[in-house]
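Trainee: Here it is, the structure, as structure tokens.
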Amino acid sequence: MSITNYNFEDLDTYLGKQYYIPDYQRDYSWDMTQLEDFWFDLLSVGNDPDDSEHFYGQVVVHKSSEKDGEKAKNQRYIIDGQQRTITSVIFLSVIRNFLNKLSSDAKQGSDLKSDVGYDIDDITTKSIGRYTNRRDERHLFLNDTDSKFFADYIQSVEHSTLHFKEDRSSNVRIKKAYEYFSTEIQGELEGKESTARYELLKAYWKDLTEKFKVMYVETDDLNEAFIIFETLNDRGKSLATSDLLKNHLFSHAGKKDIDVVEGNWSEMVNDLGKADTTKFIRSFWNSRYSFVRERGLYKALKGSLVSEVKLSEDLSSLARVYNNLEFPKTGDYFENEEVRRDLISLNRLGAKSYYPIVLAIVSKGKDVSKLHKVLETLETLVVRNFVISGLTANKYEVFFARAAMNYYSGVIDIETLINSLNKKMVSDPEFRNNFTTAIVKQREVIRYLLRQLNSVYVGFDEVEVVRDNDAVHIEHIFPQRPHKDTWTSFDDVESTEYLWRIGNLTLLSKKLNQKIANSGFDVKKEEAYEKSQIAITKELLNYADWTPESIDDRQKGLAETALNIWKRTVDKKVEIIE
């Protein structure tokens with residue numbers, strides 16, 4: 001093979017060159033899950049003095065030569081690694097933007113203003129490249145779909161949306177990635193004075209460019225670039241953590257225990273069903289031992305493995321539990337109806353990071369009868385902190401894992417665990433305030449919230465009548481497609497702002513919902529709300545008209561109801577884990 005360069009490089013070195021994304025490559029595709037992984041990997045590297053570097057994956061580059069026809073000689077085309085490269089440049093653009101704001105606010109002639117200016121220049125020249133109306137020295141050229149928008153919005157200091165196309169999903173993803181990193185960094189900077197802000201921004205920049213390492217492979221033959229890419233990825237697919245662990249267990253079990261280990265492993269896979277094996281093993285590990293992310297899981301397992309038989313038995317014994325967590329509607333491990341209902345609710349809310357707590361409680365066995373109370377508390381935390389207050393669930397993953405480990409090892413008891421979960425919840429004033437303006441767009445979450453709110457009026461025993469999604473619809477009181485001559489009290493801005501507010505949503509039977517469609521409020525009351533058997537909908541008859549003020553008023557009332565449903569109860573006599 002004509003490999004011209006092969007090396008482990010930090011991003012400072014890697015991004016210092018100029019690259020092109022071929023038009024045949026897929027557009028930018030990273031979603032929130034991958035962005036969160038990137039962000040938490042960066043935080044992990046920065047917070048752990050022993051974590052001096054992070055392997056960011058491989059990059060395969062084709063460097064064009066004279067035989068490549070229309071391509072200019074010596075241009076570098078990224079064959080594998082474009083998503084990571086684009087995300088890195090987006091993140092550095094966000095850092096540069098914050099530094100620009102810091103520079104604008106800094107006193108003229110101060111050391112801070114000078115230092116910030118030098119760093120802005122370094123980020124621009126070393127990693128992003130200069131881009132203005134008269135100068136194009138970009139380090140990264142995207143394909144035709146994203147190139148102009150990426151240049152305007154990310155690479156230009158002016159930060160323009162001139163070429164943004166809402167119908168291009170990749171344009172939208174680039175914008176969302178920028179906004180996500182901006183929001184996270186803003187949260188970290190909140191409350192800090194200028195010098196501390198500067199030091200933190202500089203740390204993020206240095207951690208990314210100096211500690212994130214790539215395996216860089218460069219070849220001057222395009223066919224060989226594809227062979228390298230396919231070889232690395234084919235091998236990567238067979239190196240899932242679960243497969244690595246399986247091979248390790250089987251190869252070390254010995255003749256005496258191999259049949260037992262193989263039998264336990266097969267039983268585990270069978271009980272997991274469609275649940276992800278690696279994610280299950282990670283949840284298992286985090287329920288008993290020090291927290292690890294997926295990239296460090298195999299190393300942790302291998303380094304601490306004492307008995308192949310014991311590990312295979314433990315995994316096998318909890319596989320059906322994990323399947324029940326992932327698929328609570330069909331899972332058959334938990335027979336208690338309250339627990340089953342709790343798990344279904346948490347599933348509807350999209351919660352997963354709490355899994356280690358349940359695995360730890362089931363493993364110990366002694367407090368399974370109190371599992372409903374734990375799940376009820378977790379459900380309240382998820383609603384208060386994540387659904388309504390918008391906090392990031394991933395930030396609580398470490399806390400949940402540590403709580404599970406402390407409980408499993410006997411450091412805390414079940415009462416301390418429950419008390420610690422309550423302590424982590426946002427305060428009542430904060431929850432009330434956030435609820436009064438909350439916007440929710442996930443339909444399963446909307447149904448859950450409205451059913452719970454409705455239960456206050458009819459009692460939990462009767463709430464089941466509105467659980468059929470086909471029979472009961474989500475009703476937008478101010479409709480999604482309003483007739484402007486009917487809904488004159490909402491201007492264009494308010495139409496967008498209030499549509500998905502909780503105060504504008506209710507539950508209504510399919511038949512009545514289809515009948516009223518986009519009608520005015522008076523028609524909806526007469527033809528549907530008055531005939532509805534759902535209490536939370538019936539209450540709308542108390543409103544004479546429906547305006548933005550009506551939505552605010554209703555949502556404030558629902559916020560008070562919510563405080564009674566999702567209660568925070570801290571026992572000051574019980575110790576707290578932090």
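A note on labels: chains of the structure tokens are A, B, ... as shown, every chain counts residues from 1, and ligands are counted from 1 in their shown order.
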Quick one: everything within 9 Å of Ser532 in chain A, counting only C-alpha atoms, minus sequence neighbours fewer than 4 positions away in the same chain. Send it as a ChimeraX atom specification.

Mentor: /A:508-509,512,528,537-538

Trainee: Give me a file of those residues, with C-alpha atoms, as a short mmCIF file (atom, residue, chain, number, x, y, z; two decimals), in the first residue's frame.

Mentor:
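Result file part25.cif:
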data_model
loop_
_atom_site.label_atom_id
_atom_site.label_comp_id
_atom_site.auth_asym_id
_atom_site.auth_seq_id
_atom_site.Cartn_x
_atom_site.Cartn_y
_atom_site.Cartn_z
CA LEU A 508 -59.63 14.76 23.87
CA SER A 509 -61.32 11.73 22.36
CA LEU A 512 -64.39 14.91 19.22
CA ALA A 528 -66.17 19.06 22.22
CA THR A 537 -60.55 19.18 29.39
CA LYS A 538 -63.92 19.86 31.02
#

Trainee: Find the residues near Lys63 in chain A: any atom within 12 Å, counting only C-alpha atoms, skip ones fewer than 5 places away on the same chain, and give them as a short mmCIF file (atom, residue, chain, number, x, y, z; two decimals) with all heavy atoms, in the first residue's frame.

Mentor:
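Produced file out14.cif, reproduced below:
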data_model
loop_
_atom_site.label_atom_id
_atom_site.label_comp_id
_atom_site.auth_asym_id
_atom_site.auth_seq_id
_atom_site.Cartn_x
_atom_site.Cartn_y
_atom_site.Cartn_z
N SER A 2 0.42 2.30 -0.69
CA SER A 2 1.21 3.53 -0.75
C SER A 2 0.75 4.50 0.34
O SER A 2 0.22 5.57 0.07
CB SER A 2 1.06 4.18 -2.13
OG SER A 2 -0.31 4.31 -2.46
N ILE A 3 0.93 4.09 1.59
CA ILE A 3 0.63 4.97 2.71
C ILE A 3 1.78 5.95 2.86
O ILE A 3 2.93 5.56 3.06
CB ILE A 3 0.44 4.16 4.00
CG1 ILE A 3 -0.80 3.25 3.89
CG2 ILE A 3 0.29 5.08 5.20
CD1 ILE A 3 -1.01 2.34 5.08
N THR A 4 1.47 7.23 2.75
CA THR A 4 2.51 8.25 2.78
C THR A 4 2.70 8.85 4.17
O THR A 4 3.70 9.51 4.43
CB THR A 4 2.18 9.38 1.79
OG1 THR A 4 0.87 9.89 2.11
CG2 THR A 4 2.18 8.85 0.37
N ASN A 5 1.69 8.65 5.05
CA ASN A 5 1.81 9.19 6.40
C ASN A 5 0.94 8.36 7.34
O ASN A 5 -0.22 8.11 7.05
CB ASN A 5 1.37 10.66 6.43
CG ASN A 5 1.67 11.34 7.77
OD1 ASN A 5 2.25 10.73 8.67
ND2 ASN A 5 1.27 12.59 7.89
N LYS A 17 -3.82 21.32 8.96
CA LYS A 17 -3.75 21.14 7.50
C LYS A 17 -5.08 21.50 6.86
O LYS A 17 -6.07 21.71 7.53
CB LYS A 17 -3.34 19.69 7.18
CG LYS A 17 -1.99 19.28 7.76
CD LYS A 17 -1.61 17.88 7.37
CE LYS A 17 -2.24 16.84 8.26
NZ LYS A 17 -1.61 16.74 9.59
N GLN A 18 -5.10 21.53 5.55
CA GLN A 18 -6.32 21.87 4.81
C GLN A 18 -6.96 20.61 4.24
O GLN A 18 -6.26 19.76 3.66
CB GLN A 18 -5.99 22.84 3.66
CG GLN A 18 -7.20 23.44 2.99
CD GLN A 18 -6.82 24.46 1.92
OE1 GLN A 18 -6.32 24.08 0.86
NE2 GLN A 18 -7.05 25.74 2.20
N TYR A 19 -8.29 20.48 4.41
CA TYR A 19 -8.99 19.27 3.99
C TYR A 19 -10.25 19.62 3.19
O TYR A 19 -10.83 20.70 3.35
CB TYR A 19 -9.41 18.43 5.20
CG TYR A 19 -8.27 18.03 6.10
CD1 TYR A 19 -7.98 18.75 7.25
CD2 TYR A 19 -7.47 16.92 5.80
CE1 TYR A 19 -6.93 18.39 8.08
CE2 TYR A 19 -6.42 16.55 6.61
CZ TYR A 19 -6.15 17.28 7.75
OH TYR A 19 -5.11 16.91 8.57
N TYR A 20 -10.67 18.64 2.38
CA TYR A 20 -11.91 18.74 1.62
C TYR A 20 -12.78 17.52 1.94
O TYR A 20 -12.25 16.42 2.14
CB TYR A 20 -11.63 18.78 0.12
CG TYR A 20 -10.91 20.03 -0.34
CD1 TYR A 20 -9.54 20.14 -0.21
CD2 TYR A 20 -11.62 21.09 -0.90
CE1 TYR A 20 -8.86 21.29 -0.61
CE2 TYR A 20 -10.95 22.24 -1.32
CZ TYR A 20 -9.58 22.33 -1.17
OH TYR A 20 -8.93 23.47 -1.58
N ASP A 68 -4.87 12.09 -10.52
CA ASP A 68 -6.25 12.16 -10.06
C ASP A 68 -7.13 13.10 -10.89
O ASP A 68 -8.15 13.58 -10.42
CB ASP A 68 -6.30 12.58 -8.59
CG ASP A 68 -5.77 11.48 -7.69
OD1 ASP A 68 -6.12 10.32 -7.94
OD2 ASP A 68 -5.01 11.78 -6.76
N LYS A 71 -8.84 16.88 -9.85
CA LYS A 71 -8.46 17.32 -8.52
C LYS A 71 -7.09 18.00 -8.54
O LYS A 71 -6.18 17.54 -9.21
CB LYS A 71 -8.40 16.13 -7.55
CG LYS A 71 -9.76 15.50 -7.28
CD LYS A 71 -9.61 14.34 -6.32
CE LYS A 71 -10.95 13.68 -6.05
NZ LYS A 71 -10.82 12.51 -5.16
N ALA A 72 -7.00 19.09 -7.79
CA ALA A 72 -5.71 19.77 -7.69
C ALA A 72 -4.72 18.90 -6.94
O ALA A 72 -5.09 18.20 -5.99
CB ALA A 72 -5.90 21.11 -6.97
N LYS A 73 -3.50 18.92 -7.36
CA LYS A 73 -2.48 18.09 -6.73
C LYS A 73 -2.27 18.50 -5.27
O LYS A 73 -2.29 19.69 -4.94
CB LYS A 73 -1.16 18.23 -7.51
CG LYS A 73 -0.05 17.31 -6.99
CD LYS A 73 1.22 17.48 -7.81
CE LYS A 73 2.33 16.58 -7.26
NZ LYS A 73 3.59 16.76 -8.02
N ASN A 74 -2.09 17.48 -4.43
CA ASN A 74 -1.79 17.65 -3.00
C ASN A 74 -2.97 18.13 -2.15
O ASN A 74 -2.78 18.49 -0.99
CB ASN A 74 -0.59 18.59 -2.79
CG ASN A 74 0.69 17.98 -3.32
OD1 ASN A 74 0.86 16.76 -3.30
ND2 ASN A 74 1.59 18.83 -3.80
N GLN A 75 -4.16 18.12 -2.71
CA GLN A 75 -5.33 18.41 -1.87
C GLN A 75 -5.68 17.16 -1.06
O GLN A 75 -5.62 16.05 -1.57
CB GLN A 75 -6.53 18.83 -2.72
CG GLN A 75 -6.46 20.27 -3.20
CD GLN A 75 -7.73 20.70 -3.92
OE1 GLN A 75 -8.59 19.88 -4.23
NE2 GLN A 75 -7.86 21.99 -4.18
N ARG A 76 -6.05 17.36 0.19
CA ARG A 76 -6.38 16.25 1.08
C ARG A 76 -7.89 16.08 1.18
O ARG A 76 -8.60 17.03 1.55
CB ARG A 76 -5.78 16.48 2.47
CG ARG A 76 -4.25 16.43 2.49
CD ARG A 76 -3.74 16.66 3.91
NE ARG A 76 -2.30 16.48 3.99
CZ ARG A 76 -1.41 17.44 3.76
NH1 ARG A 76 -1.82 18.66 3.42
NH2 ARG A 76 -0.11 17.19 3.85
N TYR A 77 -8.39 14.86 0.91
CA TYR A 77 -9.81 14.54 0.96
C TYR A 77 -10.06 13.54 2.10
O TYR A 77 -9.43 12.49 2.15
CB TYR A 77 -10.29 13.96 -0.37
CG TYR A 77 -10.23 14.96 -1.50
CD1 TYR A 77 -9.05 15.16 -2.22
CD2 TYR A 77 -11.35 15.72 -1.84
CE1 TYR A 77 -8.98 16.09 -3.24
CE2 TYR A 77 -11.30 16.65 -2.86
CZ TYR A 77 -10.11 16.84 -3.56
OH TYR A 77 -10.06 17.76 -4.57
N ILE A 78 -10.97 13.90 3.00
CA ILE A 78 -11.25 13.03 4.15
C ILE A 78 -12.18 11.90 3.72
O ILE A 78 -13.33 12.15 3.33
CB ILE A 78 -11.88 13.83 5.31
CG1 ILE A 78 -10.92 14.92 5.77
CG2 ILE A 78 -12.23 12.90 6.47
CD1 ILE A 78 -11.48 15.82 6.86
N ILE A 79 -11.69 10.68 3.80
CA ILE A 79 -12.48 9.49 3.45
C ILE A 79 -13.20 8.95 4.67
O ILE A 79 -14.32 8.47 4.60
CB ILE A 79 -11.57 8.40 2.84
CG1 ILE A 79 -10.76 8.98 1.67
CG2 ILE A 79 -12.39 7.21 2.39
CD1 ILE A 79 -11.60 9.59 0.55
N VAL A 217 -4.12 8.36 8.98
CA VAL A 217 -3.58 7.55 7.89
C VAL A 217 -3.79 8.32 6.59
O VAL A 217 -4.92 8.69 6.25
CB VAL A 217 -4.29 6.19 7.79
CG1 VAL A 217 -3.66 5.36 6.67
CG2 VAL A 217 -4.22 5.44 9.12
N GLU A 218 -2.72 8.54 5.86
CA GLU A 218 -2.79 9.29 4.60
C GLU A 218 -2.18 8.46 3.48
O GLU A 218 -1.11 7.87 3.63
CB GLU A 218 -2.05 10.61 4.75
CG GLU A 218 -2.11 11.51 3.53
CD GLU A 218 -1.35 12.81 3.73
OE1 GLU A 218 -1.78 13.62 4.58
OE2 GLU A 218 -0.31 13.01 3.05
N THR A 219 -2.88 8.40 2.35
CA THR A 219 -2.39 7.66 1.19
C THR A 219 -2.60 8.49 -0.07
O THR A 219 -3.52 9.32 -0.13
CB THR A 219 -3.11 6.31 1.05
OG1 THR A 219 -2.68 5.65 -0.15
CG2 THR A 219 -4.62 6.48 1.03
N ASP A 220 -1.77 8.24 -1.07
CA ASP A 220 -1.91 9.00 -2.31
C ASP A 220 -2.70 8.21 -3.37
O ASP A 220 -2.78 8.61 -4.52
CB ASP A 220 -0.54 9.40 -2.87
CG ASP A 220 0.36 8.21 -3.15
OD1 ASP A 220 -0.12 7.06 -3.04
OD2 ASP A 220 1.55 8.41 -3.46
N ASP A 221 -3.28 7.09 -2.95
CA ASP A 221 -4.07 6.27 -3.87
C ASP A 221 -5.50 6.16 -3.32
O ASP A 221 -5.72 5.63 -2.24
CB ASP A 221 -3.44 4.88 -4.01
CG ASP A 221 -4.13 4.05 -5.08
OD1 ASP A 221 -5.33 3.78 -4.93
OD2 ASP A 221 -3.46 3.67 -6.06
N LEU A 222 -6.48 6.64 -4.08
CA LEU A 222 -7.86 6.67 -3.60
C LEU A 222 -8.40 5.28 -3.34
O LEU A 222 -9.09 5.04 -2.33
CB LEU A 222 -8.76 7.39 -4.63
CG LEU A 222 -10.24 7.51 -4.25
CD1 LEU A 222 -10.41 8.28 -2.94
CD2 LEU A 222 -11.02 8.20 -5.37
N ASN A 223 -8.13 4.32 -4.21
CA ASN A 223 -8.61 2.95 -4.00
C ASN A 223 -8.07 2.36 -2.70
O ASN A 223 -8.78 1.69 -1.96
CB ASN A 223 -8.22 2.06 -5.17
CG ASN A 223 -8.99 2.41 -6.44
OD1 ASN A 223 -10.13 2.85 -6.36
ND2 ASN A 223 -8.36 2.21 -7.59
N GLU A 224 -6.81 2.62 -2.43
CA GLU A 224 -6.22 2.11 -1.20
C GLU A 224 -6.79 2.83 0.02
O GLU A 224 -6.92 2.22 1.09
CB GLU A 224 -4.70 2.25 -1.25
CG GLU A 224 -4.07 1.30 -2.27
CD GLU A 224 -2.56 1.33 -2.24
OE1 GLU A 224 -2.01 2.19 -1.52
OE2 GLU A 224 -1.94 0.48 -2.89
N ALA A 225 -7.16 4.10 -0.14
CA ALA A 225 -7.81 4.82 0.96
C ALA A 225 -9.11 4.13 1.34
O ALA A 225 -9.42 3.98 2.53
CB ALA A 225 -8.06 6.27 0.56
#

Trainee: Check the smallest atom-to-atom distance from each of A:Gln555, A:Asn454, A:Asn324, A:Asn347 to Lys274 in chain A using only C-alpha atoms, then report the winner.

Mentor: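 Going through A:Gln555, A:Asn454, A:Asn324, A:Asn347 one by one, the smallest distance to Lys274 in chain A is for A:Asn324.
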
Trainee: Can you pull out every residue within 6 Å of range 352-360 of chain A, counting only C-alpha atoms, but drop anything in the same chain fewer than 6 positions away, and send it as an MDAnalysis selection string?

Mentor: chainID A and resid 283 286:287 397 400:401 404 408

Trainee: Using only C-alpha atoms, which residue out of A:Ile412, A:Leu541, A:Leu201, A:Leu297 lies closest to Arg282 in chain A?

Mentor: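 The shortest atom-to-atom distance to Arg282 in chain A comes from A:Leu297.
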
Trainee: To test your reading of the structure, identify every residue in range 389-439 of chain A that backbone DSSP assigns to helix (DSSP H, G or I), and report it as a ChimeraX atom specification.

Mentor: /A:393-408,414-423,428-435

Trainee: Residues near Gly263 in chain A, anyone? I mean within 12 Å using only C-alpha atoms, not counting same-chain ones fewer than 6 positions away, as a list of chain:residue names.

Mentor: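 Once the adjacent positions are removed, what remains is A:Lys246, A:Leu249, A:Phe250, A:Asp257, A:Val269, A:Asn270, A:Val309, A:Ser312, A:Glu313, A:Leu315, A:Ser316.
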
Trainee: What are the closest atom pairs, with distances in Å to one decimal, for each residue of range 20-126 of chain A lying within 8 Å of range 156-171 of chain A, using only C-alpha atoms, rows by chain and rising residue number, as CSV?

Mentor:
residue,atom,partner,partner_atom,distance
A:Asp27,CA,A:Ser170,CA,5.8
A:Tyr28,CA,A:Ser170,CA,5.0
A:Ser29,CA,A:Ser170,CA,6.2
A:Asn97,CA,A:Val157,CA,7.7

Trainee: List as a tab-separated table every residue of range 248-312 of chain A that is in contact with range 30-42 of chain A, defined as an atom at most 12 Å from one of its atoms (using only C-alpha atoms), together with the nearest atom pair and the distance in Å rounded to one decimal, sorted by chain and then rising number.

Mentor:
residue	atom	partner	partner_atom	distance
A:Val292	CA	A:Asp41	CA	11.2
A:Arg293	CA	A:Asp41	CA	8.8
A:Glu294	CA	A:Asp37	CA	10.1
A:Arg295	CA	A:Asp41	CA	9.7
A:Gly296	CA	A:Asp41	CA	11.2

Trainee: Rounded to one decimal place, report the CA of Ala106 in chain A-CA of Thr195 in chain A distance in Å.

Mentor: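 Between CA of Ala106 in chain A and CA of Thr195 in chain A the gap works out to 9.8 Å.
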
Trainee: So which one's closest to Thr85 in chain A, A:Val426, A:Val214, A:Leu507, A:Val570? Using only C-alpha atoms, please.

Mentor: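 Distance minimum relative to Thr85 in chain A lands on A:Val214.
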
Trainee: From the options A:Tyr289, A:Tyr180, A:Tyr529, A:Phe435, which residue's atoms come nearest to Arg501 in chain A, counting only C-alpha atoms?

Mentor: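 Residue with the minimum atom-to-atom distance to Arg501 in chain A: A:Phe435.
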
Trainee: Residues at most 12 Å from Lys441 in chain A, counting only C-alpha atoms, excluding those fewer than 4 positions away in the same chain, as a PyMOL selection string?

Mentor: chain A and resi 349+387-388+445-447+449+474+476+498-502+504-505

Trainee: Using all heavy atoms, can you export the residues from the last selection as a short mmCIF file (atom, residue, chain, number, x, y, z; two decimals), in the first residue's frame?

Mentor:
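Saved result, part_4.cif, follows:
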data_model
loop_
_atom_site.label_atom_id
_atom_site.label_comp_id
_atom_site.auth_asym_id
_atom_site.auth_seq_id
_atom_site.Cartn_x
_atom_site.Cartn_y
_atom_site.Cartn_z
N LEU A 349 -40.95 8.72 29.54
CA LEU A 349 -40.20 9.96 29.73
C LEU A 349 -38.80 9.89 29.12
O LEU A 349 -38.05 10.87 29.16
CB LEU A 349 -40.09 10.26 31.23
CG LEU A 349 -41.41 10.60 31.94
CD1 LEU A 349 -41.21 10.63 33.44
CD2 LEU A 349 -41.96 11.93 31.45
N VAL A 387 -37.57 17.02 32.32
CA VAL A 387 -38.70 17.36 31.45
C VAL A 387 -39.08 18.83 31.56
O VAL A 387 -39.26 19.51 30.55
CB VAL A 387 -39.92 16.47 31.78
CG1 VAL A 387 -41.14 16.89 30.96
CG2 VAL A 387 -39.60 15.01 31.52
N ILE A 388 -39.19 19.33 32.78
CA ILE A 388 -39.68 20.70 32.99
C ILE A 388 -38.54 21.72 33.08
O ILE A 388 -38.63 22.79 32.49
CB ILE A 388 -40.55 20.77 34.26
CG1 ILE A 388 -41.77 19.86 34.11
CG2 ILE A 388 -40.98 22.20 34.53
CD1 ILE A 388 -42.66 20.16 32.92
N VAL A 445 -44.39 12.22 26.21
CA VAL A 445 -44.20 13.00 27.43
C VAL A 445 -45.42 13.87 27.70
O VAL A 445 -45.88 13.99 28.84
CB VAL A 445 -42.92 13.88 27.34
CG1 VAL A 445 -42.77 14.73 28.59
CG2 VAL A 445 -41.69 13.00 27.15
N ILE A 446 -45.98 14.46 26.64
CA ILE A 446 -47.19 15.28 26.79
C ILE A 446 -48.33 14.43 27.36
O ILE A 446 -49.02 14.83 28.30
CB ILE A 446 -47.62 15.89 25.44
CG1 ILE A 446 -46.59 16.92 24.97
CG2 ILE A 446 -48.99 16.55 25.55
CD1 ILE A 446 -46.80 17.39 23.54
N ARG A 447 -48.54 13.26 26.78
CA ARG A 447 -49.61 12.38 27.26
C ARG A 447 -49.41 12.03 28.74
O ARG A 447 -50.35 12.03 29.53
CB ARG A 447 -49.65 11.10 26.42
CG ARG A 447 -50.08 11.30 24.98
CD ARG A 447 -50.08 9.96 24.25
NE ARG A 447 -50.23 10.13 22.82
CZ ARG A 447 -51.39 10.32 22.19
NH1 ARG A 447 -52.51 10.38 22.89
NH2 ARG A 447 -51.44 10.45 20.88
N LEU A 449 -47.75 13.72 31.08
CA LEU A 449 -47.99 14.88 31.95
C LEU A 449 -49.48 15.16 32.10
O LEU A 449 -49.97 15.38 33.22
CB LEU A 449 -47.28 16.12 31.38
CG LEU A 449 -45.75 16.11 31.39
CD1 LEU A 449 -45.22 17.33 30.65
CD2 LEU A 449 -45.21 16.09 32.81
N ILE A 474 -53.97 14.15 21.63
CA ILE A 474 -53.49 15.42 22.20
C ILE A 474 -54.18 16.55 21.44
O ILE A 474 -54.13 16.61 20.21
CB ILE A 474 -51.95 15.53 22.05
CG1 ILE A 474 -51.26 14.46 22.90
CG2 ILE A 474 -51.49 16.92 22.47
CD1 ILE A 474 -49.77 14.35 22.63
N HIS A 476 -54.47 20.56 20.76
CA HIS A 476 -53.95 21.91 20.88
C HIS A 476 -55.16 22.85 20.92
O HIS A 476 -55.89 22.97 19.93
CB HIS A 476 -53.07 22.27 19.68
CG HIS A 476 -51.77 21.54 19.64
ND1 HIS A 476 -51.65 20.22 19.27
CD2 HIS A 476 -50.50 21.97 19.92
CE1 HIS A 476 -50.39 19.85 19.33
NE2 HIS A 476 -49.67 20.89 19.72
N TYR A 498 -46.58 29.95 21.82
CA TYR A 498 -47.57 29.36 22.72
C TYR A 498 -48.11 28.01 22.26
O TYR A 498 -48.78 27.33 23.03
CB TYR A 498 -48.74 30.32 22.93
CG TYR A 498 -48.43 31.43 23.92
CD1 TYR A 498 -47.84 32.62 23.50
CD2 TYR A 498 -48.74 31.27 25.26
CE1 TYR A 498 -47.55 33.63 24.40
CE2 TYR A 498 -48.47 32.28 26.18
CZ TYR A 498 -47.86 33.45 25.75
OH TYR A 498 -47.58 34.44 26.65
N LEU A 499 -47.85 27.60 21.04
CA LEU A 499 -48.48 26.41 20.49
C LEU A 499 -48.22 25.16 21.35
O LEU A 499 -49.14 24.38 21.62
CB LEU A 499 -48.00 26.16 19.05
CG LEU A 499 -48.59 24.94 18.35
CD1 LEU A 499 -50.10 25.07 18.21
CD2 LEU A 499 -47.93 24.72 16.99
N TRP A 500 -46.95 24.94 21.77
CA TRP A 500 -46.58 23.74 22.50
C TRP A 500 -46.43 23.99 24.00
O TRP A 500 -45.88 23.14 24.71
CB TRP A 500 -45.30 23.15 21.93
CG TRP A 500 -45.48 22.58 20.55
CD1 TRP A 500 -45.22 23.20 19.37
CD2 TRP A 500 -45.98 21.29 20.23
NE1 TRP A 500 -45.53 22.37 18.33
CE2 TRP A 500 -46.00 21.19 18.81
CE3 TRP A 500 -46.42 20.20 20.99
CZ2 TRP A 500 -46.43 20.06 18.15
CZ3 TRP A 500 -46.85 19.06 20.32
CH2 TRP A 500 -46.86 18.99 18.92
N ARG A 501 -46.93 25.10 24.48
CA ARG A 501 -46.94 25.33 25.92
C ARG A 501 -47.90 24.33 26.56
O ARG A 501 -48.96 24.01 26.02
CB ARG A 501 -47.38 26.76 26.22
CG ARG A 501 -46.31 27.81 25.92
CD ARG A 501 -45.41 28.04 27.11
NE ARG A 501 -46.18 28.56 28.23
CZ ARG A 501 -46.39 29.86 28.46
NH1 ARG A 501 -45.88 30.77 27.64
NH2 ARG A 501 -47.10 30.24 29.52
N ILE A 502 -47.55 23.84 27.75
CA ILE A 502 -48.40 22.86 28.44
C ILE A 502 -49.81 23.43 28.66
O ILE A 502 -50.81 22.72 28.55
CB ILE A 502 -47.77 22.46 29.79
CG1 ILE A 502 -46.45 21.73 29.56
CG2 ILE A 502 -48.72 21.57 30.59
CD1 ILE A 502 -45.68 21.42 30.83
N ASN A 504 -51.52 25.11 26.74
CA ASN A 504 -52.31 25.09 25.51
C ASN A 504 -52.66 23.66 25.09
O ASN A 504 -53.21 23.45 24.01
CB ASN A 504 -51.55 25.79 24.38
CG ASN A 504 -52.40 25.98 23.14
OD1 ASN A 504 -53.50 26.51 23.19
ND2 ASN A 504 -51.88 25.52 21.99
N LEU A 505 -52.36 22.69 25.92
CA LEU A 505 -52.56 21.30 25.54
C LEU A 505 -53.55 20.61 26.48
O LEU A 505 -53.59 20.89 27.66
CB LEU A 505 -51.22 20.55 25.58
CG LEU A 505 -50.08 21.13 24.74
CD1 LEU A 505 -48.78 20.41 25.05
CD2 LEU A 505 -50.41 21.04 23.25
#

Trainee: Which value, in Å to one decimal, gives the distance between CA of Phe98 in chain A and CA of Leu11 in chain A?

Mentor: 20.2 Å

Trainee: List every residue of range 213-340 of chain A that DSSP, applied to the backbone of this structure, assigns to strand (DSSP E or B), and report them as a count of residues only.

Mentor: 7

Trainee: Provide the CA of Tyr6 in chain A to CA of Tyr56 in chain A distance in Å, to one decimal place.

Mentor: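 Distance between the two atoms: 15.4 Å.
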
Trainee: Please list as a PyMOL selection string every residue within 9 Å of range 204-212 of chain A, counting only C-alpha atoms and excluding residues in the same chain fewer than 6 positions away.

Mentor: chain A and resi 9-15+42-43+45-46+51-56+88+91-92+95+123+127

Trainee: Which residue gives the smallest distance to Tyr198 in chain A among A:Lys256, A:Lys113, A:Arg134, A:Lys370, with only C-alpha atoms counted?

Mentor: A:Lys113

Trainee: Point out the residue among A:Ser147, A:Gln58, A:Gln155, A:Asn422 with the least atom-to-atom distance to Thr132 in chain A, counting only C-alpha atoms.

Mentor: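 Residue with the minimum atom-to-atom distance to Thr132 in chain A: A:Gln155.
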